[in-house]
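K.L.:
Here's a structure for you.
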Amino acid sequence: MAVLSLSPTRRSDLARTWHRISQSPVTLTGLVMLVLVALCVGILPSLLHTDPNAINLRARLAAPSWAHPFGTDEVGRDIFTRVMHGGRVSIGVALFVVAVSTSVGTVIGGLSGILGGRVDTVIMRLMDVVLAVPSLVLTMALAAALGPSLWNAMIAIAVVRIPTYVRLARGQTLVVREAGYVMAARVFGARSAQILGLHVVPNILSPILVQATLDIGAVILMVAGLSFIGLGAQPPAAEWGAMVSAGRSYILDQWWYSAFPGVAILFTSIAFNLLGDGIRDLSDPRQKGRS
Amino acid sequence: MTLSVPNDPVLSIQGLSLEFPVWRGALHALEDVTMQVYPGEIVGVVGESGCGKSVTAMATMRLLPEDAYRITAGSLHLLGQDMMAATQAQLRAIRGSGAAMIFQEPLTALNPTRRIGDLMIEVIRAHRKITKADAHAHAVDLLRQMRIADAPAIMRRYPFELSGGMRQRIVIALAFANDPRIVIADEPTTALDVTVQRQVLTLLQNRARDVGAAVLLITHDLGVVSEYTDRIYVMYAGKVVETGPTDRVLTAPRHPYTRALLNAGPEAVAAKSALASIPGTLPDLRQDIPGCRFAGRCALAQDHCRTALPPMRSPSPDQVFACWMEQGVAA
Amino acid sequence: MNILVVLRRRVLFLILVVFGVSLITFAISHMIPGDPARLLAGDRANDAMVAQIRDKLGLNQPLYVQYGRYIMGLFQGDLGTSIRTGRPVSEDIAAYFPATLELVIVALVLSVALGVPLGVASAVWRNGWIDQFARTFAAIGISTPAFWLGLVLLVAFYGRLGWFPGGGRLATGIEAPLRITGMYVLDGVLTANWAAARSALWHLVLPSLCLGFVHVGVIARQIRSAMLDQLSEDYIRTARAAGLSKAQVILRHALPNAAIPSVTVLGLAFGDLLYGAVLTETVFAWPGMGAYVVNSIGSLDFPAVMGFTVVVSLAYVLVNLAVDLTYIVLDPRIKEVG
């Protein structure tokens, strides 16, 4: 951070970053894909004024055509429209979940790192135990216990992801804590919350943001997976995982029903993962330029 | 050892310029470097860290990562082989056989999860068609020649189980595994205790003299240079600034940089603080430097030193230095 | 670090984790909105019957007593009674476990066999086309919804091409081999029941491909990164300077050292594979624990879901303990220091 702000030519840093992104076709692909998703999911549905739940019994299970690019489902709803609208659910949920687990995890991990001592030990042991359990299974169990709904699935996913961020934030905090300015703040009697907010959080953010970007793709998959086994979004909600699940019974004859929502999950998740990968490479100089 | 050996040099670097491409430009690591090593002689390369001596060593064996550098001028012949034009098979045949290399850090230079014996046998058999048993016997023999007691037991050890001095002796034994004609030693004893340093260097020197191998000894330690080498090259910022017989260069240096190094004293150089005791900073190697690279820190520098390349001067047939002053800094 | 010291530390942690898992599952099953007694009693039960069941389950006692009973039960292998099947959960899981294990093992072997070479090639020709391909492949792998991939495989290889069966563990008309391990391929081979072994293997192809696909990329990525670490080490330079061939340097020097830290990833992958099995088994009608738990979720059978969670967590922790021990065995530095 300090190096960046002290460097005389800030603009050339930006130029260099852009140069490196443009040198990496993988990162660039991720970026382009994400823009495409944003256009389709964010803008297209508003422009078209279509209803994802409009039923048309005369066009049931129709194959893809000009009128219905992705075909229709068993009550004649347009799958293209539903996929676009479903994206709002899937991506919105993923962003929300990552935001919640990131912020809660950062606060707990940051406090744990600053306070140290017994509080730190207890918190970290607790996190170790949770992390020692296979996280996807734990998420499923938690979601099952809370009851089948999208909201409960979100809570389950967010809660189980918190320990990862606690650990990450604590590690970073320990590094920052030894830095001069935090010591100084302590000497001048700043409270833990102040130290956390003013000094620690801004300095530990970058690795956490990288992790969060990489996580979004995983959360999208998790939401879809839970919906697929009936624990997330409930029909007739237009959610990608639930749509794949609903299309399962028709898979051998009306392949498009499950296929297109699945492609949407895949496409979006790839976009976030490629981008996250690229950002990680950029932020970790050790990964770059070695031979 | 006289310098007028009629043999062809085992290593011949002619006007070599090498750069590393970096963001919007290139780092000119070596500029017009010329060096010769003749059979059986021990040649030192001295300079501070960053002067290009390690790059020279790596380039000699073509061990620099292929996509990370460019040769912009000059040539490099090792045992008569044009190293820049060599195929992978030709490189393999030379490396570890006719030409061997010893690296600085003996701990990391050995594969941590491979037993000493396995590594030695592998290297021996990479160059000779012999049985495992014969290779084993040869390896034990090599270790014994490095005064390693209980060599068969050492063969079964892992590197982390051995002391630094012991590891470096093994690295040297490995270098001599296939009767090299030249050994390139890049700061071979820097990581070791002073007392161990002498032992290891003496072993290296004796071994080289015994088998008639030449040694290119790269170091920043003037004490080591004066004790073990016949001839030296002094490098500064990617250029050879002075060369000649070790005794002559160290007693009557001509280049201001050589004198500054000597004045800084062997202790200062060994502790890598020579830079601090010579005022000024190293030039930025990304820039084109039209004049003498040392001009920025030279107390005697004139205006033209900064604008034009200094000529090579040869006060006697075997000493060469690059300076605008006709006699250099000779008293 | 002595191997016994490590072992003791790991076993202590294992006990801590088992307690932690039991606490988590206990908490989860007690915060569920419904009344377990009423669920167990069924819809037609009257209040008296529910009260009786509640009493029998000890639901009227203080929480710590209930937890004490729960954990005592766990240590005796008592995971409660399934609401859906009416049988002890432990028996149900024991019946379904081998099918899942078989699937997970084959998927793991498959992903290692494909992922390691891909990762090595990716590191060696860094930034080359194979590296770009491997990175893209890895990104696609971790981005692919396993349940959807399963459906795609079904449509293509069962629906259209008819090359592979569409679900289950054995073709109809073929009887399961004599149960030794519960894994049909292995049991078939052990009892020389070749027809069953062949059929079981045939049925494994699509599900294990589906389950393993994600991990090919994960393993390739790990191997790539570990290989890059190793390839920049000094000993690689020594090996090259000694004239060893590129293949020797990569396969005999860099790869063994890169494999050591990568073993840990296999342990972690095991956890993801167990969850992946839940989705894969659902798609391929594979009669394993995953399909069992999905059915249990559908009928709000909490003892079964929590029993599954406990068993899977325990298996996961044990596998990772085994992985840590393997690590110690593989790396001479840890074995003999101190």
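Each chain of the structure tokens is named A, B, ... in the order shown, its residues numbered from 1; ligands are numbered from 1 in display order.
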Which residues of chain C come within 6 Å of chain A, and for each one, what is the closest pair of atoms and their distance in Å to one decimal, counting only C-alpha atoms, sorted by chain and residue number, as JSON lines?
P.N.:
```
{"residue": "C:Val17", "atom": "CA", "partner": "A:Val129", "partner_atom": "CA", "distance": 5.2}
{"residue": "C:Ile32", "atom": "CA", "partner": "A:Ala145", "partner_atom": "CA", "distance": 5.3}
{"residue": "C:Ala139", "atom": "CA", "partner": "A:Ile270", "partner_atom": "CA", "distance": 5.9}
{"residue": "C:Ile140", "atom": "CA", "partner": "A:Ile270", "partner_atom": "CA", "distance": 5.8}
{"residue": "C:Ser143", "atom": "CA", "partner": "A:Ser269", "partner_atom": "CA", "distance": 5.0}
{"residue": "C:Thr144", "atom": "CA", "partner": "A:Leu266", "partner_atom": "CA", "distance": 5.2}
{"residue": "C:Pro145", "atom": "CA", "partner": "A:Leu221", "partner_atom": "CA", "distance": 5.9}
{"residue": "C:Trp148", "atom": "CA", "partner": "A:Gly262", "partner_atom": "CA", "distance": 5.8}
{"residue": "C:Val155", "atom": "CA", "partner": "A:Leu252", "partner_atom": "CA", "distance": 5.6}
{"residue": "C:Gly159", "atom": "CA", "partner": "A:Leu252", "partner_atom": "CA", "distance": 5.9}
{"residue": "C:Gly271", "atom": "CA", "partner": "A:Pro134", "partner_atom": "CA", "distance": 4.9}
{"residue": "C:Tyr275", "atom": "CA", "partner": "A:Val137", "partner_atom": "CA", "distance": 5.5}
{"residue": "C:Ser313", "atom": "CA", "partner": "A:Val133", "partner_atom": "CA", "distance": 5.3}
```
K.L.:
Could you give me, as a tab-separated table, a per-residue list for chain B showing, wherever an atom lies at most 10 Å from an atom of chain A, the closest pair of atoms and their distance in Å to one decimal, using only C-alpha atoms and sorting by chain then residue number from low to high?
P.N.:
```
residue	atom	partner	partner_atom	distance
B:Val22	CA	A:Gly289	CA	10.0
B:Trp23	CA	A:Arg16	CA	8.0
B:Arg24	CA	A:Arg16	CA	9.6
B:Leu64	CA	A:Ser291	CA	9.4
B:Pro65	CA	A:Ser291	CA	6.2
B:Glu66	CA	A:Ser291	CA	8.7
B:Asp67	CA	A:Ser291	CA	8.1
B:Ala68	CA	A:Ser291	CA	7.7
```
K.L.:
Taking into account only C-alpha atoms, which residue in the set C:Ala259, C:Leu279, C:Met306, C:Ala239 is nearest to chain B?
P.N.:
C:Ala239
K.L.:
May I have the residues within 8 Å of B:Pro39 as a list in words, using only C-alpha atoms and disregarding those fewer than 6 positions away in the same chain?
P.N.:
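My reading of the contact set: Asn7, Asp8, Pro9, Val10, Arg181, Ile182, Gly212, Ala213 and Ala214 of chain B.
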K.L.:
Would you give me, as a list in words, the residues of chain B that come within 8 Å of chain C, using only C-alpha atoms?
P.N.:
Met61, Leu63, Leu91, Arg92, Ala93, Ile94, Arg95, Gly96, Ser97, Ala100, Met101, Ile102, Phe103, Glu105, Thr108, Ala109, Leu110, Asn111, Pro112, Thr113, Val123, Ala126, His127, Tyr158, Phe160 and Ala175 of chain B
